[in-house]
$ cat data_22.cif   # mmCIF, C-alpha atoms
data_target
loop_
_atom_site.group_PDB
_atom_site.id
_atom_site.type_symbol
_atom_site.label_atom_id
_atom_site.label_comp_id
_atom_site.auth_asym_id
_atom_site.auth_seq_id
_atom_site.Cartn_x
_atom_site.Cartn_y
_atom_site.Cartn_z
ATOM 1 C CA MET A 1 32.367 18.583 -30.845
ATOM 2 C CA PRO A 2 32.688 21.486 -28.392
ATOM 3 C CA ASP A 3 30.474 21.504 -25.335
ATOM 4 C CA THR A 4 27.484 23.731 -25.775
ATOM 5 C CA PRO A 5 26.732 25.865 -22.750
ATOM 6 C CA PRO A 6 23.123 25.910 -21.610
ATOM 7 C CA SER A 7 21.128 28.441 -23.568
ATOM 8 C CA LEU A 8 20.075 30.134 -20.355
ATOM 9 C CA PHE A 9 23.763 30.766 -19.726
ATOM 10 C CA ILE A 10 24.034 32.740 -22.940
ATOM 11 C CA ARG A 11 21.035 34.849 -22.047
ATOM 12 C CA LEU A 12 22.329 35.399 -18.524
ATOM 13 C CA ARG A 13 25.628 36.584 -19.916
ATOM 14 C CA ASP A 14 23.751 39.262 -21.826
ATOM 15 C CA ALA A 15 23.327 41.670 -18.935
ATOM 16 C CA GLY A 16 20.958 43.773 -21.017
ATOM 17 C CA ASP A 17 18.436 40.956 -21.164
ATOM 18 C CA GLY A 18 16.103 41.943 -18.346
ATOM 19 C CA GLY A 19 14.118 38.746 -18.570
ATOM 20 C CA SER A 20 16.985 36.322 -18.104
ATOM 21 C CA TRP A 21 17.464 36.712 -14.359
ATOM 22 C CA ARG A 22 13.776 36.100 -13.895
ATOM 23 C CA GLU A 23 14.067 32.935 -15.934
ATOM 24 C CA PHE A 24 17.030 31.890 -13.841
ATOM 25 C CA PHE A 25 15.091 32.718 -10.691
ATOM 26 C CA GLU A 26 12.043 30.727 -11.773
ATOM 27 C CA GLN A 27 14.214 27.736 -12.597
ATOM 28 C CA TYR A 28 16.272 27.612 -9.430
ATOM 29 C CA TRP A 29 14.556 29.435 -6.575
ATOM 30 C CA ARG A 30 13.053 26.326 -4.980
ATOM 31 C CA LEU A 31 16.381 24.513 -5.044
ATOM 32 C CA ILE A 32 18.304 27.367 -3.414
ATOM 33 C CA TYR A 33 15.641 28.109 -0.808
ATOM 34 C CA SER A 34 15.118 24.453 0.046
ATOM 35 C CA PHE A 35 18.851 23.870 0.461
ATOM 36 C CA ALA A 36 19.209 26.886 2.765
ATOM 37 C CA ARG A 37 16.318 25.675 4.923
ATOM 38 C CA GLN A 38 17.750 22.166 5.134
ATOM 39 C CA CYS A 39 21.021 23.657 6.331
ATOM 40 C CA GLY A 40 19.135 25.049 9.312
ATOM 41 C CA LEU A 41 18.473 28.643 8.266
ATOM 42 C CA ASP A 42 15.166 30.200 9.251
ATOM 43 C CA ARG A 43 12.895 31.311 6.454
ATOM 44 C CA HIS A 44 14.046 34.949 6.648
ATOM 45 C CA ASP A 45 17.693 33.994 6.233
ATOM 46 C CA ALA A 46 16.804 31.426 3.551
ATOM 47 C CA GLU A 47 15.001 34.161 1.604
ATOM 48 C CA ASP A 48 18.076 36.391 1.939
ATOM 49 C CA VAL A 49 20.290 33.567 0.666
ATOM 50 C CA LEU A 50 17.973 33.088 -2.307
ATOM 51 C CA GLN A 51 18.151 36.751 -3.286
ATOM 52 C CA GLU A 52 21.909 36.966 -2.742
ATOM 53 C CA VAL A 53 22.635 33.850 -4.787
ATOM 54 C CA VAL A 54 20.492 34.912 -7.735
ATOM 55 C CA THR A 55 21.982 38.416 -7.661
ATOM 56 C CA ASP A 56 25.566 37.138 -7.435
ATOM 57 C CA VAL A 57 25.123 34.585 -10.196
ATOM 58 C CA PHE A 58 23.473 37.154 -12.425
ATOM 59 C CA LYS A 59 26.237 39.679 -11.820
ATOM 60 C CA ALA A 60 28.962 37.074 -12.390
ATOM 61 C CA MET A 61 27.508 35.941 -15.694
ATOM 62 C CA PRO A 62 28.923 38.580 -18.074
ATOM 63 C CA THR A 63 32.468 37.437 -17.255
ATOM 64 C CA PHE A 64 31.700 33.778 -16.559
ATOM 65 C CA GLU A 65 33.429 31.374 -18.939
ATOM 66 C CA TYR A 66 31.568 28.127 -19.320
ATOM 67 C CA ASP A 67 33.988 25.219 -19.319
ATOM 68 C CA ARG A 68 32.414 21.865 -18.664
ATOM 69 C CA ALA A 69 35.813 20.320 -18.023
ATOM 70 C CA LYS A 70 36.133 22.543 -14.959
ATOM 71 C CA GLY A 71 32.707 21.692 -13.626
ATOM 72 C CA THR A 72 29.013 21.822 -14.331
ATOM 73 C CA PHE A 73 26.710 24.741 -13.768
ATOM 74 C CA ARG A 74 25.079 22.572 -11.111
ATOM 75 C CA ALA A 75 28.370 22.460 -9.178
ATOM 76 C CA PHE A 76 28.991 26.181 -9.665
ATOM 77 C CA LEU A 77 25.566 27.087 -8.315
ATOM 78 C CA ARG A 78 26.060 24.704 -5.394
ATOM 79 C CA THR A 79 29.342 26.394 -4.474
ATOM 80 C CA VAL A 80 27.790 29.877 -4.557
ATOM 81 C CA THR A 81 24.824 28.699 -2.484
ATOM 82 C CA GLN A 82 26.993 26.850 0.043
ATOM 83 C CA ARG A 83 29.098 29.993 0.597
ATOM 84 C CA LYS A 84 26.047 32.159 1.167
ATOM 85 C CA VAL A 85 24.510 29.624 3.535
ATOM 86 C CA ALA A 86 27.775 29.342 5.482
ATOM 87 C CA ASP A 87 27.940 33.164 5.768
ATOM 88 C CA HIS A 88 24.414 33.272 7.188
ATOM 89 C CA LEU A 89 25.073 30.398 9.570
ATOM 90 C CA ARG A 90 28.143 32.218 10.920
ATOM 91 C CA ARG A 91 26.151 35.433 11.400
ATOM 92 C CA LYS A 92 23.294 33.500 12.968
ATOM 93 C CA ALA A 93 25.677 31.846 15.447
ATOM 94 C CA ALA A 94 27.120 35.236 16.395
ATOM 95 C CA ARG A 95 23.885 37.097 17.041
ATOM 96 C CA PRO A 96 21.704 36.907 20.150
ATOM 97 C CA LYS A 97 18.732 34.574 19.788
ATOM 98 C CA ARG A 98 15.585 36.386 18.687
ATOM 99 C CA PRO A 99 12.268 35.548 20.341
ATOM 100 C CA LEU A 100 10.762 34.299 17.083
ATOM 101 C CA ASP A 101 13.774 32.208 16.091
ATOM 102 C CA ALA A 102 12.370 29.081 17.640
ATOM 103 C CA ALA A 103 9.156 29.298 15.634
ATOM 104 C CA ALA A 104 10.810 30.257 12.359
ATOM 105 C CA SER A 105 13.949 28.168 12.431
ATOM 106 C CA GLY A 106 14.674 24.913 10.656
ATOM 107 C CA ASN A 107 12.149 23.057 8.584
ATOM 108 C CA GLY A 108 10.988 20.329 10.898
ATOM 109 C CA ARG A 109 13.900 18.083 9.935
ATOM 110 C CA HIS A 110 17.435 17.766 11.238
ATOM 111 C CA ALA A 111 19.610 20.452 9.736
ATOM 112 C CA LEU A 112 22.605 19.385 7.684
ATOM 113 C CA ALA A 113 25.645 19.709 9.939
ATOM 114 C CA ASP A 114 27.916 21.288 7.343
ATOM 115 C CA PRO A 115 26.604 23.089 4.235
ATOM 116 C CA ALA A 116 29.745 22.041 2.354
ATOM 117 C CA GLY A 117 29.864 18.476 3.704
ATOM 118 C CA GLN A 118 29.109 15.219 1.955
ATOM 119 C CA ALA A 119 25.546 14.968 3.237
ATOM 120 C CA ALA A 120 24.848 18.482 1.978
ATOM 121 C CA GLU A 121 26.322 17.609 -1.399
ATOM 122 C CA GLN A 122 24.083 14.545 -1.662
ATOM 123 C CA THR A 123 21.087 16.626 -0.652
ATOM 124 C CA TRP A 124 21.956 19.203 -3.291
ATOM 125 C CA GLU A 125 22.272 16.535 -6.016
ATOM 126 C CA ARG A 126 18.962 14.926 -5.034
ATOM 127 C CA ASP A 127 17.174 18.244 -4.876
ATOM 128 C CA TRP A 128 18.728 19.403 -8.139
ATOM 129 C CA ARG A 129 17.008 16.460 -9.841
ATOM 130 C CA ARG A 130 13.767 17.096 -7.998
ATOM 131 C CA ASN A 131 13.809 20.777 -8.860
ATOM 132 C CA LEU A 132 14.581 20.099 -12.495
ATOM 133 C CA LEU A 133 11.732 17.601 -12.753
ATOM 134 C CA GLN A 134 9.318 20.138 -11.290
ATOM 135 C CA VAL A 135 10.551 22.808 -13.693
ATOM 136 C CA CYS A 136 10.112 20.389 -16.611
ATOM 137 C CA LEU A 137 6.648 19.438 -15.372
ATOM 138 C CA GLU A 138 5.639 23.109 -15.281
ATOM 139 C CA ARG A 139 6.989 23.537 -18.799
ATOM 140 C CA VAL A 140 4.978 20.572 -20.055
ATOM 141 C CA SER A 141 1.852 21.896 -18.325
ATOM 142 C CA ARG A 142 2.099 24.918 -20.634
ATOM 143 C CA GLU A 143 2.766 22.966 -23.819
ATOM 144 C CA VAL A 144 0.055 20.292 -23.739
ATOM 145 C CA GLU A 145 -3.720 20.674 -23.768
ATOM 146 C CA PRO A 146 -5.039 21.610 -20.313
ATOM 147 C CA LYS A 147 -7.220 18.500 -20.272
ATOM 148 C CA THR A 148 -4.257 16.267 -21.057
ATOM 149 C CA PHE A 149 -2.321 17.748 -18.168
ATOM 150 C CA GLN A 150 -5.287 17.481 -15.814
ATOM 151 C CA ALA A 151 -5.654 13.819 -16.718
ATOM 152 C CA PHE A 152 -1.978 13.290 -15.920
ATOM 153 C CA GLN A 153 -2.314 15.057 -12.580
ATOM 154 C CA LEU A 154 -5.410 13.185 -11.488
ATOM 155 C CA TYR A 155 -4.550 9.721 -12.768
ATOM 156 C CA ALA A 156 -0.730 9.567 -12.624
ATOM 157 C CA LEU A 157 0.075 11.872 -9.734
ATOM 158 C CA GLU A 158 -2.980 11.799 -7.480
ATOM 159 C CA GLY A 159 -3.790 8.149 -8.072
ATOM 160 C CA TRP A 160 -7.377 8.509 -9.235
ATOM 161 C CA PRO A 161 -8.691 5.421 -11.050
ATOM 162 C CA ALA A 162 -8.576 5.829 -14.837
ATOM 163 C CA GLU A 163 -12.358 5.469 -15.141
ATOM 164 C CA LYS A 164 -13.036 8.172 -12.547
ATOM 165 C CA THR A 165 -10.528 10.494 -14.236
ATOM 166 C CA ALA A 166 -12.135 9.846 -17.614
ATOM 167 C CA ARG A 167 -15.620 10.596 -16.254
ATOM 168 C CA ALA A 168 -14.485 13.777 -14.490
ATOM 169 C CA LEU A 169 -12.767 15.112 -17.590
ATOM 170 C CA LYS A 170 -15.303 13.748 -20.092
ATOM 171 C CA MET A 171 -12.712 11.789 -22.038
ATOM 172 C CA SER A 172 -12.160 8.121 -22.830
ATOM 173 C CA VAL A 173 -10.197 5.835 -20.525
ATOM 174 C CA ALA A 174 -7.752 5.212 -23.377
ATOM 175 C CA ALA A 175 -7.224 8.985 -23.633
ATOM 176 C CA VAL A 176 -6.406 9.085 -19.912
ATOM 177 C CA TYR A 177 -3.734 6.421 -20.385
ATOM 178 C CA MET A 178 -2.359 8.261 -23.380
ATOM 179 C CA ALA A 179 -2.267 11.538 -21.446
ATOM 180 C CA LYS A 180 -0.132 9.877 -18.803
ATOM 181 C CA SER A 181 2.268 8.494 -21.388
ATOM 182 C CA ARG A 182 2.441 11.732 -23.373
ATOM 183 C CA VAL A 183 3.149 13.974 -20.378
ATOM 184 C CA ALA A 184 5.696 11.553 -18.917
ATOM 185 C CA ALA A 185 7.522 11.381 -22.259
ATOM 186 C CA ARG A 186 7.591 15.187 -22.583
ATOM 187 C CA VAL A 187 8.876 15.618 -19.020
ATOM 188 C CA ARG A 188 11.622 13.108 -19.727
ATOM 189 C CA HIS A 189 12.458 14.864 -23.003
ATOM 190 C CA TRP A 190 13.005 18.220 -21.267
ATOM 191 C CA TYR A 191 14.747 16.656 -18.299
ATOM 192 C CA ASP A 192 17.237 14.792 -20.484
ATOM 193 C CA LYS A 193 17.840 17.925 -22.537
ATOM 194 C CA GLU A 194 18.593 20.016 -19.445
ATOM 195 C CA VAL A 195 20.833 17.344 -17.920
ATOM 196 C CA ASN A 196 22.799 17.022 -21.145
ATOM 197 C CA ALA A 197 23.129 20.789 -21.409
ATOM 198 C CA ASP A 198 24.609 21.110 -17.914
ATOM 199 C CA MET B 199 -6.340 -13.134 -36.077
ATOM 200 C CA PRO B 200 -6.023 -11.728 -32.537
ATOM 201 C CA ARG B 201 -6.762 -8.063 -31.987
ATOM 202 C CA PRO B 202 -3.646 -5.866 -31.749
ATOM 203 C CA ILE B 203 -2.749 -4.789 -28.236
ATOM 204 C CA SER B 204 -3.038 -1.063 -27.704
ATOM 205 C CA ASP B 205 -0.729 1.078 -25.565
ATOM 206 C CA ALA B 206 -3.684 1.732 -23.286
ATOM 207 C CA ARG B 207 -4.012 -2.020 -22.732
ATOM 208 C CA LEU B 208 -0.287 -2.304 -22.062
ATOM 209 C CA MET B 209 -0.541 0.487 -19.493
ATOM 210 C CA GLN B 210 -3.387 -1.347 -17.804
ATOM 211 C CA TYR B 211 -1.155 -4.406 -17.786
ATOM 212 C CA LEU B 212 1.693 -2.480 -16.151
ATOM 213 C CA ALA B 213 -0.683 -0.983 -13.611
ATOM 214 C CA GLY B 214 -1.997 -4.450 -12.715
ATOM 215 C CA GLU B 215 -5.474 -3.370 -13.764
ATOM 216 C CA LEU B 216 -6.273 -6.224 -16.147
ATOM 217 C CA ALA B 217 -8.524 -9.173 -15.443
ATOM 218 C CA PRO B 218 -6.604 -12.489 -15.335
ATOM 219 C CA ALA B 219 -7.756 -13.605 -18.790
ATOM 220 C CA ASP B 220 -6.740 -10.289 -20.383
ATOM 221 C CA ARG B 221 -3.453 -10.401 -18.529
ATOM 222 C CA ARG B 222 -2.689 -13.855 -19.932
ATOM 223 C CA ARG B 223 -3.560 -12.658 -23.433
ATOM 224 C CA VAL B 224 -1.113 -9.746 -23.136
ATOM 225 C CA GLU B 225 1.618 -12.020 -21.774
ATOM 226 C CA ALA B 226 1.131 -14.465 -24.627
ATOM 227 C CA ALA B 227 1.356 -11.633 -27.136
ATOM 228 C CA LEU B 228 4.486 -10.273 -25.461
ATOM 229 C CA ALA B 229 6.174 -13.656 -25.631
ATOM 230 C CA GLY B 230 5.919 -13.684 -29.420
ATOM 231 C CA SER B 231 6.581 -10.055 -30.257
ATOM 232 C CA PRO B 232 9.804 -8.104 -29.752
ATOM 233 C CA ASP B 233 8.023 -4.987 -31.043
ATOM 234 C CA LEU B 234 5.328 -5.291 -28.430
ATOM 235 C CA THR B 235 7.977 -5.914 -25.770
ATOM 236 C CA ALA B 236 9.797 -2.756 -26.895
ATOM 237 C CA ARG B 237 6.539 -0.781 -26.590
ATOM 238 C CA LEU B 238 6.033 -2.194 -23.114
ATOM 239 C CA GLU B 239 9.560 -1.163 -22.121
ATOM 240 C CA LYS B 240 8.921 2.370 -23.347
ATOM 241 C CA LEU B 241 5.772 2.511 -21.218
ATOM 242 C CA ARG B 242 7.671 1.090 -18.259
ATOM 243 C CA TYR B 243 10.119 3.947 -18.708
ATOM 244 C CA ASP B 244 7.131 6.322 -18.536
ATOM 245 C CA GLU B 245 6.206 4.700 -15.220
ATOM 246 C CA ASP B 246 9.715 5.375 -13.903
ATOM 247 C CA THR B 247 9.350 9.004 -14.945
ATOM 248 C CA VAL B 248 6.008 9.304 -13.169
ATOM 249 C CA ARG B 249 7.537 7.875 -9.989
ATOM 250 C CA ALA B 250 10.412 10.364 -10.202
ATOM 251 C CA VAL B 251 7.978 13.245 -10.759
ATOM 252 C CA LYS B 252 5.942 12.171 -7.722
ATOM 253 C CA ASP B 253 9.101 12.035 -5.614
ATOM 254 C CA SER B 254 10.222 15.428 -6.901
ATOM 255 C CA ALA B 255 7.140 17.092 -5.404
ATOM 256 C CA ALA B 256 8.933 16.850 -2.044
ATOM 257 C CA ILE B 257 10.835 20.005 -2.966
ATOM 258 C CA ARG B 258 7.615 22.022 -3.179
ATOM 259 C CA LEU B 259 6.120 24.003 -0.332
ATOM 260 C CA PRO B 260 2.422 24.671 0.217
ATOM 261 C CA GLU B 261 1.180 26.831 -2.642
ATOM 262 C CA THR B 262 0.478 29.959 -0.566
ATOM 263 C CA GLU B 263 3.925 29.826 1.011
ATOM 264 C CA GLU B 264 5.573 29.337 -2.368
ATOM 265 C CA GLU B 265 3.726 32.322 -3.764
ATOM 266 C CA ARG B 266 4.694 34.511 -0.807
ATOM 267 C CA ILE B 267 8.398 33.619 -1.032
ATOM 268 C CA ARG B 268 8.454 33.887 -4.796
ATOM 269 C CA SER B 269 6.706 37.259 -5.018
ATOM 270 C CA GLN B 270 8.725 38.802 -2.160
ATOM 271 C CA ALA B 271 11.985 37.668 -3.708
ATOM 272 C CA LEU B 272 10.956 38.866 -7.164
ATOM 273 C CA ASN B 273 10.022 42.304 -5.785
ATOM 274 C CA ALA B 274 13.280 42.616 -3.862
ATOM 275 C CA MET B 275 15.328 41.455 -6.803
ATOM 276 C CA SER B 276 13.615 43.787 -9.257
ATOM 277 C CA LYS B 277 14.967 46.619 -7.096
ATOM 278 C CA ARG B 278 18.439 45.052 -6.932
ATOM 279 C CA ILE B 279 18.834 44.056 -10.558
ATOM 280 C CA GLY B 280 16.167 45.995 -12.404
#
$ encode --input "data_22.cif" --output "structure tokens"
Amino acid sequence: MPDTPPSLFIRLRDAGDGGSWREFFEQYWRLIYSFARQCGLDRHDAEDVLQEVVTDVFKAMPTFEYDRAKGTFRAFLRTVTQRKVADHLRRKAARPKRPLDAAASGNGRHALADPAGQAAEQTWERDWRRNLLQVCLERVSREVEPKTFQAFQLYALEGWPAEKTARALKMSVAAVYMAKSRVAARVRHWYDKEVNAD
Amino acid sequence: MPRPISDARLMQYLAGELAPADRRRVEAALAGSPDLTARLEKLRYDEDTVRAVKDSAAIRLPETEEERIRSQALNAMSKRIG
């Protein structure tokens, strides 16, 4: 059976589809921005990297041939992002230090030494999973009843006791447990689907 | 005949929220029922997903900062791409 490219790929390849780059942006902006920051770019440069990566990927799509044997979309996006980050790091190293650099630089953690190095690759893989889970969670928040999602947030994510959650949302304790199970299963469904599509 | 064990009860079991007597009752039921064990495993998988979702929140920024970055980038990119 031939590999099926992600459906977003198909839409991105249709340059006339004005909504597709926004969908791409919404799905990946946190990942790209977070990676740039962890490589030591200040927030201004990280925002530039974000815009450049999304623009470049979007523009490359009409001629991009999806071939899973040559690599995943995850790896392709990482390569584009790493190049942009490296460009900005080179420019940053060459320019005189700005007075606000100290306040705006980094993200409170040690920057990755090399945006194309092994540590950066591991960071990208970890954050790819994190980003995808957050995207799937947002998707599920739109597909289930608001009360079901609230119960999941309060009980599963924020650690409220089931009874307190049930009282706050005027639902049964059993319904709180079921909300947790339902949302978790839907998140996993979308996550697995996206991973298999990559 | 003993009452069937609900998924809600199994989730309480996994969360360590059951009283000792109820816990023993669930464990006895699990020992004699592959179906119940399979249901428990499915719920345990849900727990793994919840843990992963909690961990994934580390990629988020404070909401106001996220909104600022997102809206600025969207505005700039609307001009670039259309």
$ closest_residue --input "data_22.cif" --among "A:Ala197, A:Leu31, A:Val144, A:Ala166" --to "chain B" --atoms "only C-alpha atoms"
A:Leu31
$ interface_residues --input "data_22.cif" --of "chain B" --to "chain A" --cutoff "7 Å" --atoms "all atoms listed in the file" --output "ChimeraX atom specification"
/B:206,209,241,244,247-248,251-252,254-255,257,271,275
$ atom_distance --input "data_22.cif" --atom1 "CA of Phe24 in chain A" --atom2 "CA of Asp246 in chain B"
27.5 Å
$ atom_distance --input "data_22.cif" --atom1 "CA of Ala93 in chain A" --atom2 "CA of Asp114 in chain A"
13.5 Å
$ atom_distance --input "data_22.cif" --atom1 "CA of Ala86 in chain A" --atom2 "CA of Ser20 in chain A"
26.9 Å
$ residues_around --input "data_22.cif" --residues "Ala227 in chain B" --least-positions-apart "2" --cutoff "12 Å" --atoms "all atoms listed in the file" --output "NGL selection string"
:B and (199-204 or 207-208 or 220-225 or 229-235 or 238)
$ resolve_selection --input "data_22.cif" --expression "the PyMOL selection byres ((chain A and resi 77) around 12)" --output "CSV table (one decimal) with C-alpha atoms, keeping the file's coordinate frame"
chain,number,residue,atom,x,y,z
A,24,PHE,CA,17.0,31.9,-13.8
A,28,TYR,CA,16.3,27.6,-9.4
A,29,TRP,CA,14.6,29.4,-6.6
A,31,LEU,CA,16.4,24.5,-5.0
A,32,ILE,CA,18.3,27.4,-3.4
A,35,PHE,CA,18.9,23.9,0.5
A,50,LEU,CA,18.0,33.1,-2.3
A,52,GLU,CA,21.9,37.0,-2.7
A,53,VAL,CA,22.6,33.8,-4.8
A,54,VAL,CA,20.5,34.9,-7.7
A,55,THR,CA,22.0,38.4,-7.7
A,56,ASP,CA,25.6,37.1,-7.4
A,57,VAL,CA,25.1,34.6,-10.2
A,58,PHE,CA,23.5,37.2,-12.4
A,60,ALA,CA,29.0,37.1,-12.4
A,61,MET,CA,27.5,35.9,-15.7
A,71,GLY,CA,32.7,21.7,-13.6
A,72,THR,CA,29.0,21.8,-14.3
A,73,PHE,CA,26.7,24.7,-13.8
A,74,ARG,CA,25.1,22.6,-11.1
A,75,ALA,CA,28.4,22.5,-9.2
A,76,PHE,CA,29.0,26.2,-9.7
A,78,ARG,CA,26.1,24.7,-5.4
A,79,THR,CA,29.3,26.4,-4.5
A,80,VAL,CA,27.8,29.9,-4.6
A,81,THR,CA,24.8,28.7,-2.5
A,82,GLN,CA,27.0,26.8,0.0
A,83,ARG,CA,29.1,30.0,0.6
A,84,LYS,CA,26.0,32.2,1.2
A,121,GLU,CA,26.3,17.6,-1.4
A,124,TRP,CA,22.0,19.2,-3.3
A,125,GLU,CA,22.3,16.5,-6.0
A,128,TRP,CA,18.7,19.4,-8.1
A,198,ASP,CA,24.6,21.1,-17.9
$ closest_residue --input "data_22.cif" --among "A:Val49, A:Ala69, A:Leu41, A:Val135" --to "Leu89 in chain A" --atoms "all atoms listed in the file"
A:Leu41
$ closest_residue --input "data_22.cif" --among "B:Glu239, B:Arg249, B:Gln210, B:Glu261" --to "Glu163 in chain A" --atoms "only C-alpha atoms"
B:Gln210
$ decode --input "data_22.cif" --residues "range 123-139 of chain A" --atoms "N, CA, C and O atoms" --output "PDB file, in the first residue's frame"
ATOM      1  N   THR A 123      15.822  17.471  21.454  1.00  0.00           N
ATOM      2  CA  THR A 123      14.868  18.489  21.903  1.00  0.00           C
ATOM      3  C   THR A 123      13.729  18.627  20.900  1.00  0.00           C
ATOM      4  O   THR A 123      12.559  18.713  21.267  1.00  0.00           O
ATOM      5  N   TRP A 124      14.109  18.647  19.614  1.00  0.00           N
ATOM      6  CA  TRP A 124      13.084  18.759  18.571  1.00  0.00           C
ATOM      7  C   TRP A 124      12.116  17.578  18.647  1.00  0.00           C
ATOM      8  O   TRP A 124      10.903  17.768  18.596  1.00  0.00           O
ATOM      9  N   GLU A 125      12.628  16.363  18.770  1.00  0.00           N
ATOM     10  CA  GLU A 125      11.758  15.177  18.813  1.00  0.00           C
ATOM     11  C   GLU A 125      10.826  15.230  20.026  1.00  0.00           C
ATOM     12  O   GLU A 125       9.641  14.931  19.916  1.00  0.00           O
ATOM     13  N   ARG A 126      11.385  15.608  21.174  1.00  0.00           N
ATOM     14  CA  ARG A 126      10.552  15.706  22.387  1.00  0.00           C
ATOM     15  C   ARG A 126       9.469  16.768  22.213  1.00  0.00           C
ATOM     16  O   ARG A 126       8.301  16.551  22.524  1.00  0.00           O
ATOM     17  N   ASP A 127       9.890  17.918  21.681  1.00  0.00           N
ATOM     18  CA  ASP A 127       8.920  19.004  21.554  1.00  0.00           C
ATOM     19  C   ASP A 127       7.930  18.768  20.426  1.00  0.00           C
ATOM     20  O   ASP A 127       6.814  19.296  20.450  1.00  0.00           O
ATOM     21  N   TRP A 128       8.335  17.996  19.430  1.00  0.00           N
ATOM     22  CA  TRP A 128       7.374  17.605  18.383  1.00  0.00           C
ATOM     23  C   TRP A 128       6.215  16.848  19.041  1.00  0.00           C
ATOM     24  O   TRP A 128       5.047  17.116  18.773  1.00  0.00           O
ATOM     25  N   ARG A 129       6.547  15.895  19.896  1.00  0.00           N
ATOM     26  CA  ARG A 129       5.492  15.114  20.566  1.00  0.00           C
ATOM     27  C   ARG A 129       4.641  16.011  21.461  1.00  0.00           C
ATOM     28  O   ARG A 129       3.422  15.913  21.479  1.00  0.00           O
ATOM     29  N   ARG A 130       5.328  16.884  22.200  1.00  0.00           N
ATOM     30  CA  ARG A 130       4.579  17.784  23.084  1.00  0.00           C
ATOM     31  C   ARG A 130       3.633  18.684  22.284  1.00  0.00           C
ATOM     32  O   ARG A 130       2.473  18.870  22.646  1.00  0.00           O
ATOM     33  N   ASN A 131       4.165  19.238  21.210  1.00  0.00           N
ATOM     34  CA  ASN A 131       3.355  20.138  20.390  1.00  0.00           C
ATOM     35  C   ASN A 131       2.152  19.406  19.813  1.00  0.00           C
ATOM     36  O   ASN A 131       1.028  19.907  19.847  1.00  0.00           O
ATOM     37  N   LEU A 132       2.414  18.201  19.309  1.00  0.00           N
ATOM     38  CA  LEU A 132       1.331  17.434  18.698  1.00  0.00           C
ATOM     39  C   LEU A 132       0.251  17.099  19.729  1.00  0.00           C
ATOM     40  O   LEU A 132      -0.944  17.180  19.449  1.00  0.00           O
ATOM     41  N   LEU A 133       0.667  16.756  20.929  1.00  0.00           N
ATOM     42  CA  LEU A 133      -0.324  16.462  21.976  1.00  0.00           C
ATOM     43  C   LEU A 133      -1.165  17.698  22.290  1.00  0.00           C
ATOM     44  O   LEU A 133      -2.385  17.604  22.478  1.00  0.00           O
ATOM     45  N   GLN A 134      -0.537  18.852  22.340  1.00  0.00           N
ATOM     46  CA  GLN A 134      -1.286  20.078  22.611  1.00  0.00           C
ATOM     47  C   GLN A 134      -2.255  20.399  21.473  1.00  0.00           C
ATOM     48  O   GLN A 134      -3.387  20.818  21.710  1.00  0.00           O
ATOM     49  N   VAL A 135      -1.796  20.181  20.245  1.00  0.00           N
ATOM     50  CA  VAL A 135      -2.674  20.404  19.090  1.00  0.00           C
ATOM     51  C   VAL A 135      -3.870  19.454  19.152  1.00  0.00           C
ATOM     52  O   VAL A 135      -5.014  19.849  18.926  1.00  0.00           O
ATOM     53  N   CYS A 136      -3.595  18.189  19.484  1.00  0.00           N
ATOM     54  CA  CYS A 136      -4.683  17.198  19.581  1.00  0.00           C
ATOM     55  C   CYS A 136      -5.639  17.559  20.722  1.00  0.00           C
ATOM     56  O   CYS A 136      -6.859  17.416  20.592  1.00  0.00           O
ATOM     57  N   LEU A 137      -5.074  18.030  21.824  1.00  0.00           N
ATOM     58  CA  LEU A 137      -5.916  18.423  22.960  1.00  0.00           C
ATOM     59  C   LEU A 137      -6.847  19.571  22.561  1.00  0.00           C
ATOM     60  O   LEU A 137      -8.039  19.557  22.892  1.00  0.00           O
ATOM     61  N   GLU A 138      -6.308  20.538  21.835  1.00  0.00           N
ATOM     62  CA  GLU A 138      -7.139  21.661  21.375  1.00  0.00           C
ATOM     63  C   GLU A 138      -8.241  21.165  20.439  1.00  0.00           C
ATOM     64  O   GLU A 138      -9.375  21.635  20.500  1.00  0.00           O
ATOM     65  N   ARG A 139      -7.887  20.209  19.601  1.00  0.00           N
ATOM     66  CA  ARG A 139      -8.882  19.646  18.676  1.00  0.00           C
ATOM     67  C   ARG A 139     -10.004  18.967  19.462  1.00  0.00           C
ATOM     68  O   ARG A 139     -11.182  19.151  19.178  1.00  0.00           O
TER      69      ARG A 139
END
